[in-house]
Amino acid sequence: MSTNENNLNEMLVMRRQKLEHLREIGKDPFINEKYDISHKSADIQNRFEELEGQEVSVAGRIMSKRGQGKVGFYDIQDGEGRVQMYAKKDLVGEEDYELLKTYDIGDIIGVKGEVFKTKKGEISIKANNVVLLSKSLQILPEKWHGLKDHDLRYRQRYVDLIVNPEVKKTFMLRSKIIKAIKEYLDNKGYLEVDTPILNTIAGGAAAKPFITHHNTLDIDMYLRIANELYLKRLIVGGFEKVYEMGRMFRNEGMSVKHNPEYTAIELYEAYADYEDMMAITENLVAYACEKALGTTVVEYQGEEIDFTPPWNRMTMEEAVLKYAGVNFSEIDTLEEAVKVAKEKGIEVKPNMTRGHIISELFEEYGEKHLKQPTFITHHPVEISPLSKKDPLDPRRTHRFEAFANTWEIANAFSELNDPIDQKSRFEDQLKQREAGDDEAHMMDLDFINALEVGLPPTGGLGIGVDRLIMIMTNQTSIRDVLLFPTMKPIK
């Protein structure tokens, strides 16, 4: 064992010994007692002229301490910032002052005292009473180096939030962004609803689900990969504007843009189409930016991204022509599409169609150019089983994906409401599953029944909330906008 490890172990032992001493003298800090707080640190810092000379009570965590004689200085951190405590033996009392000197960085204390400024101009609290509210038995990361190990930060987010103030700021912004998104939709007359997270059929998206088992019913169930099909059922039932924001679960790879559970929002509006959803998307995002950040132009990793409406638009085939140099208005057969795919280095898999090849070419050549917010429209029907066909070209659909910073942040359709067409597409998806595609849709006969009851013309939209927040808060990993990202357990 190294010298540093020995020293660390000794310090941990000393903290427990201090706790035992406190208990022996009847000052156990874990006894359930309320502490009345009159002000937060930010109040004292921002309202000093008003509060100078008044008594206040604050509570927070000791983040640093200085002085060993008759006077001590302690930085106290609460939920809104820090304030300095000035403790003098003859004000606090000799017994309590001696105890105070034994308190460690990380301990949580309550302080009562007078607001004043030190000779150096530091706004402080001149303590007359200090109470230990909770003893910290662990050691916070050293002040200057902080908690920099990313893996440890994600595993011990509670420590990360204490020692890295910018992390806390990110999650406060996340909350503001989510609140603004909901506020925008509420103001537009949308109703927020809840739909099941445990599903008997994994539907609404092309994704691999998590599978669990319900013992009483003796059936396998799935954590939802999307809430689309339930929300459409509500439109059938007569709600005309609905949305739900919540966790989705996909049993797929992990990356800086992917976590097995993530936050998404889906919304549906009767008598609307994908053009209406484009307007909703760009205006909703701009509203959230303005509310949370005060601007619709955000800086991401040194580049400006302008979310001000209107956003750029192009069809997927136009993007393939522009970025891959392939004109699909001149390619009608699968043989021609396969030939050009091979020329462009695209792997042609069994059962791929002309539409699949267009999508692959776009992903390979087009997405990386979409830095500024852009709508890509008219996806091939083969990759859009829940979207209405374009009456001018039934090989394409009334669908769009929104991109920013080269990432897909939203997906929307003019929703397919023809039950016969929908059943046929589900059957095509089943053939893809049988061919080995475990992300293809399952058959949902109850959803077909709902469509037979009658789904009005409907526009639907899904937004990847975490990715949007990543861009708006300038974070490079989805783990930096999830309080508790999925981590492999330490053995």
# chains A, B, ... in the order shown; residues from 1 in each chain; ligands from 1
>>> select_by_dssp(residues="region 308-454 of chain A", states="alpha helix (DSSP H)", output="JSON, numbers by chain")
{"A": [316, 317, 318, 319, 320, 321, 322, 323, 324, 334, 335, 336, 337, 338, 339, 340, 341, 342, 343, 354, 355, 356, 357, 358, 359, 360, 361, 419, 420, 421, 422, 423, 424, 425, 426, 427, 428, 429, 430, 431, 432, 433, 434, 445, 446, 447, 448, 449, 450, 451, 452, 453, 454]}
>>> residues_around(residues="Asn449 (chain A)", least_positions_apart="4", cutoff="10 Å", atoms="only C-alpha atoms", output="PyMOL selection string")
chain A and resi 233+419+423+444-445+453-454
>>> residues_around(residues="Ile197 (chain A)", least_positions_apart="3", cutoff="8 Å", atoms="only C-alpha atoms", output="count of residues only")
3
>>> residues_around(residues="Glu335 (chain A)", least_positions_apart="6", cutoff="12 Å", atoms="only C-alpha atoms", output="PyMOL selection string")
chain A and resi 341-342+348+352-354+357
>>> write_last_selection(atoms="C-alpha atoms", output="PDB file, in the first residue's frame")
ATOM      1  CA  ALA A 341     -24.116   2.076 -53.628  1.00  0.00           C
ATOM      2  CA  LYS A 342     -21.140  -0.208 -54.262  1.00  0.00           C
ATOM      3  CA  VAL A 348     -25.347  -3.745 -49.681  1.00  0.00           C
ATOM      4  CA  MET A 352     -32.038  -3.865 -49.050  1.00  0.00           C
ATOM      5  CA  THR A 353     -34.181  -1.803 -51.397  1.00  0.00           C
ATOM      6  CA  ARG A 354     -33.699   1.398 -53.372  1.00  0.00           C
ATOM      7  CA  ILE A 357     -29.761   2.633 -50.175  1.00  0.00           C
TER       8      ILE A 357
END
>>> residues_around(residues="region 209-217 of chain A", least_positions_apart="6", cutoff="7 Å", atoms="only C-alpha atoms", output="ChimeraX atom specification")
/A:202,223,225,249-251
>>> atom_distance(atom1="CA of Ala59 (chain A)", atom2="CA of Tyr35 (chain A)")
8.0 Å
>>> residues_around(residues="Lys119 (chain A)", least_positions_apart="4", cutoff="12 Å", atoms="only C-alpha atoms", output="PyMOL selection string")
chain A and resi 86+123-124
>>> residues_around(residues="Phe307 (chain A)", least_positions_apart="4", cutoff="9 Å", atoms="only C-alpha atoms", output="CSV table (one decimal) with C-alpha atoms, in the first residue's frame")
chain,number,residue,atom,x,y,z
A,282,GLU,CA,-38.3,25.2,-34.8
A,283,ASN,CA,-40.5,27.5,-32.7
A,285,VAL,CA,-36.7,24.9,-29.7
A,286,ALA,CA,-36.3,28.6,-30.3
A,289,CYS,CA,-33.4,28.6,-26.0
A,296,THR,CA,-31.5,31.5,-29.9
A,297,VAL,CA,-27.9,31.5,-31.0
A,298,VAL,CA,-25.9,29.0,-28.9
A,311,TRP,CA,-34.6,26.5,-40.4
A,372,GLN,CA,-27.0,24.4,-38.7
A,373,PRO,CA,-30.5,23.3,-37.9
A,404,ALA,CA,-28.3,20.2,-35.6
>>> select_by_dssp(residues="region 256-442 of chain A", states="strand (DSSP E or B)", output="MDAnalysis selection string")
chainID A and resid 258 261:270 297:300 303:306 312:315 374:377 380 387 389:390 393:397 399:404 407:415
>>> closest_residue(among="A:Lys491, A:Lys349, A:Arg61, A:His441", to="Gly203 (chain A)", atoms="only C-alpha atoms")
A:His441
>>> atom_distance(atom1="CA of Val167 (chain A)", atom2="CA of Tyr154 (chain A)")
10.9 Å
>>> atom_distance(atom1="CA of Thr118 (chain A)", atom2="CA of Pro165 (chain A)")
24.9 Å
>>> closest_residue(among="A:Asn351, A:Ala207, A:Pro391, A:Val326", to="Tyr365 (chain A)", atoms="only C-alpha atoms")
A:Val326
>>> closest_residue(among="A:Phe447, A:Tyr222, A:Tyr323, A:Tyr184", to="Lys291 (chain A)", atoms="only C-alpha atoms")
A:Tyr184
>>> closest_residue(among="A:Pro457, A:Gly113, A:Gly81, A:Gly464", to="Glu401 (chain A)", atoms="only C-alpha atoms")
A:Gly464
>>> closest_residue(among="A:Tyr190, A:Phe426, A:Tyr271, A:Phe171", to="Arg479 (chain A)", atoms="only C-alpha atoms")
A:Phe171
>>> closest_residue(among="A:Glu343, A:Pro29, A:Leu430, A:Ala270", to="Leu231 (chain A)", atoms="only C-alpha atoms")
A:Ala270
